[in-house]
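The structure under discussion appears below in the form of structure tokens.
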Amino acid sequence: MSNPILICEDNISIAWAKALREVRADQARSLCVSITGFEEGEVLEDENLRDLLDNLLRSKSVISARETSETIFPYHYWRQNSPTADELYTWYLERYLPRHRVRVRKVARGNTMETYFERLIAYRGFKVNNDSSVSVNIINQLQRIINVYTHYSRQNRSPSPSKFIATCLNPSVDNTNLEPYFKFPCLQQVGFSMSEGAVTVSGYYTIQYLMKRGYGNYLGLCYLGKFMSKETGLPLRRVNCFVGNPRPDNFTRAEIAPILEAIPRD
């Protein structure tokens, strides 16, 4: 059995490009990308690599890395407007999502009606009542995690790490037929570690398309980590992305060559 691909970098662009290079060489291996470098509170990027990717995606009519990242966390609205957590949730559910769905209906650009951030703050669970009837239970998983952390930190105690897991897959609506594929969600769950005075984010993907989605996935997880860092008061230490089945997409060697050539030499 082949060992997994392990990439650890403090620059998200370089981490993504190295992951792409390794997966193109052997896509039978699972992938773990670990990103650090958040000491100054920013996500470090290489503008040249980011531009090469976005230009190529644009030429293929594929959504940009930023657009993909925003399905995980609406970073630019959060950064520009500095809303409270409750204000962010309300804006997203009442104002952003309706517009997003209108755009998806008008232009099929690979987007889905649902987003990961919606699943994180408005997960539709099901509750069995005392009379055995079933009702929908809307769960803000992120706020619940923040509340659990706050509750136990005030007591100088630590709960089980399983209290800090948020799920994106909803079996009742996502995997209900025998079709071989479904577009959403590839991100199955997100785990948060609050140990040793810092936040670590870990995203788990069954499959990930490195060119079309990889960079945006890493970016979105980093931005989500910044949000959780602010809400818990802990610094963001690391973002991990685990992929069981990484894919390099169907881009040609000539199209990807400029990206691979731009990877800084170790």
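Labeling convention for the structure tokens: chains A, B, ... as they appear, residues from 1 per chain, ligands from 1 in order of appearance.
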Could you write out, as a PyMOL selection string, all the residues of range 88-261 of chain A that DSSP marks as strand (DSSP E or B)?
chain A and resi 123-128+134-139+165-167+187-193+199-209+236-247
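Residues with any atom within 7 Å of range 64-77 of chain A, counting only C-alpha atoms and excluding same-chain neighbours fewer than 5 positions away, are Asp54, Leu57, Arg58, Thr115, Tyr116, Phe117, Arg213, Tyr215, Gly216, Asn217, Leu219, Gly220, Leu221, Tyr223 and Leu224 of chain A.
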Surrounding residues of range 129-140 of chain A excluding itself and chain neighbours under 4 positions, 9 Å, only C-alpha atoms, as a PyMOL selection string
chain A and resi 89+118-125+144-145
Nearest to Ile7 in chain A, chosen from A:Glu255, A:Asp86, A:Glu39, A:Glu22, with only C-alpha atoms counted in the distances:
A:Glu22
Tell me which protein, DNA and RNA residues are within 8 Å of range 225-237 of chain A, counting only C-alpha atoms, leaving out same-chain ones fewer than 4 positions away, and put them as a list in words.
Thr36, Gly37, Phe38, Glu39, Gly41, Ala85, Ile146, Tyr149, Thr150, Met194, Gly197, Ala198, Val199, Thr200, Val201 and Leu221 of chain A
Just the residues within 7 Å of range 26-33 of chain A, please, counting only C-alpha atoms, with nothing from its chain fewer than 4 positions along; format it as a list in words.
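That gives Ser2, Asn3, Pro4, Ile5, Leu6, Ile7, Cys8, Ala15, Glu22, Asn240, Cys241, Phe242, Val243, Gly244, Asn245, Pro246 and Arg247 of chain A.
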For the selection you just gave me, I'd like the residues written to a file as an mmCIF file, in the first residue's frame, keeping N, CA, C and O atoms.
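Writing done, so here's again33.cif:
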data_model
loop_
_atom_site.group_PDB
_atom_site.id
_atom_site.type_symbol
_atom_site.label_atom_id
_atom_site.label_comp_id
_atom_site.auth_asym_id
_atom_site.auth_seq_id
_atom_site.Cartn_x
_atom_site.Cartn_y
_atom_site.Cartn_z
ATOM 1 N N SER A 2 0.566 2.186 -0.859
ATOM 2 C CA SER A 2 1.360 3.406 -0.954
ATOM 3 C C SER A 2 1.124 4.301 0.253
ATOM 4 O O SER A 2 0.025 4.370 0.800
ATOM 5 N N ASN A 3 2.167 4.991 0.673
ATOM 6 C CA ASN A 3 2.027 5.959 1.744
ATOM 7 C C ASN A 3 1.267 7.179 1.246
ATOM 8 O O ASN A 3 1.312 7.520 0.064
ATOM 9 N N PRO A 4 0.542 7.877 2.123
ATOM 10 C CA PRO A 4 -0.173 9.071 1.691
ATOM 11 C C PRO A 4 0.783 10.194 1.329
ATOM 12 O O PRO A 4 1.943 10.223 1.772
ATOM 13 N N ILE A 5 0.311 11.111 0.531
ATOM 14 C CA ILE A 5 1.072 12.322 0.198
ATOM 15 C C ILE A 5 0.921 13.299 1.354
ATOM 16 O O ILE A 5 -0.190 13.624 1.762
ATOM 17 N N LEU A 6 2.025 13.783 1.885
ATOM 18 C CA LEU A 6 2.008 14.726 2.997
ATOM 19 C C LEU A 6 2.653 16.039 2.550
ATOM 20 O O LEU A 6 3.820 16.057 2.158
ATOM 21 N N ILE A 7 1.893 17.114 2.604
ATOM 22 C CA ILE A 7 2.380 18.442 2.228
ATOM 23 C C ILE A 7 2.212 19.367 3.425
ATOM 24 O O ILE A 7 1.109 19.473 3.973
ATOM 25 N N CYS A 8 3.266 20.016 3.844
ATOM 26 C CA CYS A 8 3.196 20.969 4.961
ATOM 27 C C CYS A 8 3.902 22.254 4.553
ATOM 28 O O CYS A 8 5.107 22.242 4.302
ATOM 29 N N ALA A 15 1.516 25.207 -1.045
ATOM 30 C CA ALA A 15 0.979 23.931 -0.588
ATOM 31 C C ALA A 15 0.085 23.313 -1.658
ATOM 32 O O ALA A 15 0.188 22.115 -1.966
ATOM 33 N N GLU A 22 2.239 16.380 -6.881
ATOM 34 C CA GLU A 22 2.351 15.017 -6.357
ATOM 35 C C GLU A 22 1.181 14.142 -6.802
ATOM 36 O O GLU A 22 1.362 12.963 -7.115
ATOM 37 N N ASN A 240 -5.662 21.727 8.346
ATOM 38 C CA ASN A 240 -5.384 20.452 7.683
ATOM 39 C C ASN A 240 -6.509 20.117 6.721
ATOM 40 O O ASN A 240 -7.683 20.352 7.013
ATOM 41 N N CYS A 241 -6.148 19.538 5.595
ATOM 42 C CA CYS A 241 -7.148 19.064 4.641
ATOM 43 C C CYS A 241 -6.796 17.634 4.253
ATOM 44 O O CYS A 241 -5.740 17.390 3.655
ATOM 45 N N PHE A 242 -7.656 16.685 4.621
ATOM 46 C CA PHE A 242 -7.442 15.269 4.337
ATOM 47 C C PHE A 242 -8.342 14.856 3.164
ATOM 48 O O PHE A 242 -9.548 15.101 3.193
ATOM 49 N N VAL A 243 -7.740 14.232 2.161
ATOM 50 C CA VAL A 243 -8.479 13.848 0.946
ATOM 51 C C VAL A 243 -8.252 12.364 0.670
ATOM 52 O O VAL A 243 -7.113 11.934 0.463
ATOM 53 N N GLY A 244 -9.329 11.602 0.653
ATOM 54 C CA GLY A 244 -9.199 10.181 0.384
ATOM 55 C C GLY A 244 -8.889 9.880 -1.067
ATOM 56 O O GLY A 244 -8.101 8.980 -1.372
ATOM 57 N N ASN A 245 -9.511 10.648 -1.985
ATOM 58 C CA ASN A 245 -9.343 10.413 -3.416
ATOM 59 C C ASN A 245 -9.067 11.732 -4.140
ATOM 60 O O ASN A 245 -9.982 12.356 -4.687
ATOM 61 N N PRO A 246 -7.820 12.196 -4.137
ATOM 62 C CA PRO A 246 -7.489 13.441 -4.841
ATOM 63 C C PRO A 246 -7.453 13.215 -6.348
ATOM 64 O O PRO A 246 -7.035 12.149 -6.813
ATOM 65 N N ARG A 247 -7.896 14.229 -7.104
ATOM 66 C CA ARG A 247 -7.927 14.126 -8.560
ATOM 67 C C ARG A 247 -7.303 15.380 -9.179
ATOM 68 O O ARG A 247 -7.570 16.494 -8.724
#
Please report, as a count of residues only, each residue of range 24-145 of chain A to which DSSP assigns alpha helix (DSSP H) when run on this structure's backbone.
56
At what distance in Å, to one decimal, does CA of Tyr218 in chain A lie from CA of Trp16 in chain A?
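Interatomic distance, CA of Trp16 in chain A to CA of Tyr218 in chain A: 7.9 Å.
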Within 9 Å of range 249-254 of chain A, counting only C-alpha atoms, which residues show up once you throw out same-chain ones fewer than 2 positions away? Write them as a PyMOL selection string, please.
chain A and resi 209-212+247+256-258
Two-atom distance - CA of Gln188 in chain A, CA of Asp46 in chain A (Å):
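Between these atoms lies a distance of 28.0 Å.
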CA of Phe192 in chain A and CA of Phe164 in chain A, how far apart in Å?
5.3 Å
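Candidate residues A:Gly214, A:Pro98, A:Gly191, A:Pro248 were compared for distance to Arg50 in chain A, and the nearest is A:Gly214, using only C-alpha atoms.
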